[in-house]
Amino acid sequence: MVQLWRAPSRLLAAAILGLTMAACDDVIEDVVKVERATYGELSSVSAGPKHTCGLRVDGSITCWGSNQNGESTPPQGEFASVSVGWGNTCGVKVNGSVACWGSDNYGQASPTEGTFVSVSNKGHYGCGLRTDGSIECWGQLYAGKASLPEGEFASITIGSGPECGVRTNGTLACWGSGQVSPPAGEFTSVSAGRAEQSYYACAVRANGAVECWGDDKFGQASPPAGEFAAISAGAYETCGVRANGSLACWGLKFGRASPPAGEFLSVSVGWRYACAVRVNGSVECWGNDEYGQTSPPPGEFASVSAARFDACGVRANGSVACWGSNAYGIASTPQGEFTSVSADGLASCGVRTDGGLVCWGDRRSRGLTMASH
């Protein structure tokens with residue numbers, strides 16, 4: 001899932017976007033390092049199935065990995081953001097125009113003219129949020145994605161199922177695959193999930209209440225009452241942090257009747273398990289522990305990211321710790337001080353405090369071979 005926000009930002013923490021599963025039989029035992037001296041100081045990163053691009057602090061873009069369609073050969077110019085898809089890349093320039101490069105067989109590298117604040121590239125199509133808050137998409141607009149809603153939006157969420165957005169007046173709109181009419185009212189955020197071949201979504205109202213709609217086969221669209229600060233929709237379960245810091249989960253319970261008690265800062269749902277950071281910095285996980293993914297190490301953490309069979313977290317001292325299957329070397333973490341980390345099923349990437357990027361795990365799953373350009 002990728003979220004487009006109205007207000008553009010160039011955070012020093014990485015925005016590792018569009019992380020998708022890719023089959024691969026290589027097991028990488030060494031750490032793949034992306035040296036700062038080679039890539040320069042990065043302000044954000046977008047990782048795709050076979051290539052990765054980073055936005056330097058000077059606004060230029062550098063890419064590495066597969067370059068079969070020119071997706072790792074960015075144009076010159078100063079950019080505010082970059083989004084990697086399957087075989088192509090798009091970015092928003094500082095003047096608000098969108099530039100795309102790489103595969104264009106569906107028109108996905110031919111964006112419309114105008115000024116934008118953000119863009120999300122999903123491979124066969126892309127969508128952008130204009131400066132006036134309207135939505136524009138281009139490329140292979142299949143399964144209802146061409147029927148875009150009207151209005152001014154504050155944010156939109158793009159995933160494998162329906163796309164949903166929160167308008168500036170707080171109302172919701174959804175379109176695309178498996179779309180179901182969202183409820184009326186004023187909302188602050190929305191998160192879409194997918195259970196098997198069906199879809200659902202949950203949103204937080206202005207008063208903190210959560211409302212869900214769509215497929216409810218596992219109860220994932222039947223939230224409890226109460227006030228929430230944030231929610232995360234997964235494949236079969238949704239979890240949220242209440243206003244008082246307690247956790248609540250609904251849907252498939254991963255073998256546990258309820259999440260752990262106590263006060264938490266954040267929660268991340270993986271594949272049939274979840275992990276959360278307590279206010280004291282400790283991480284607690286629950287659910288399927290077949291590969292040790294719910295057995296985090298002790299210590300104080302600032303954040304946690306749960307993937308399919310592995311999880312990673314940034315400790316309070318900036319070091320990264322991972323746990324789980326380690327089938328692709330994900331749990332073999334590099335040394336150093338980090339500001340953020342994103343775990344995926346085959347590889348993980350983190351941004352160091354100096355802006356340098358480090359990735360480890362399956363080399364081919366993220367295209368971790370420098371492209372010459």
# chains A, B, ... in the order shown; residues from 1 in each chain; ligands from 1

call {"tool": "residues_around", "arguments": {"residues": "Ala233 of chain A", "least_positions_apart": "4", "cutoff": "6 Å", "atoms": "only C-alpha atoms", "output": "PyMOL selection string"}}
result
chain A and resi 191-193+238

call {"tool": "residues_around", "arguments": {"residues": "Val190 of chain A", "least_positions_apart": "3", "cutoff": "7 Å", "atoms": "only C-alpha atoms", "output": "list in words"}}
result
Cys202, Ala203 and Val204 of chain A

call {"tool": "atom_distance", "arguments": {"atom1": "atom CA of Pro296 of chain A", "atom2": "atom CA of Arg278 of chain A"}}
result
12.7 Å

call {"tool": "atom_distance", "arguments": {"atom1": "atom CA of Ser60 of chain A", "atom2": "atom CA of Glu78 of chain A"}}
result
5.2 Å

call {"tool": "select_by_dssp", "arguments": {"residues": "segment 104-330 of chain A", "states": "strand (DSSP E or B)", "output": "NGL selection string"}}
result
:A and (116-121 or 125-130 or 135-139 or 153-158 or 162-167 or 172-176 or 187-195 or 198-205 or 210-214 or 228-233 or 237-242 or 247-251 or 264-269 or 273-278 or 283-287 or 301-306 or 310-315 or 320-324)

call {"tool": "residues_around", "arguments": {"residues": "segment 114-117 of chain A", "least_positions_apart": "4", "cutoff": "6 Å", "atoms": "only C-alpha atoms", "output": "ChimeraX atom specification"}}
result
/A:8,96-97,129-131

call {"tool": "closest_residue", "arguments": {"among": "A:Val84, A:Cys349, A:Val98, A:Cys275", "to": "Gly128 of chain A", "atoms": "only C-alpha atoms"}}
result
A:Val98

call {"tool": "residues_around", "arguments": {"residues": "Thr188 of chain A", "least_positions_apart": "6", "cutoff": "12 Å", "atoms": "only C-alpha atoms", "output": "ChimeraX atom specification"}}
result
/A:153-156,165-172,202-211,228-231

call {"tool": "closest_residue", "arguments": {"among": "A:Tyr291, A:Phe79, A:Trp86, A:Trp271", "to": "Ser118 of chain A", "atoms": "only C-alpha atoms"}}
result
A:Phe79
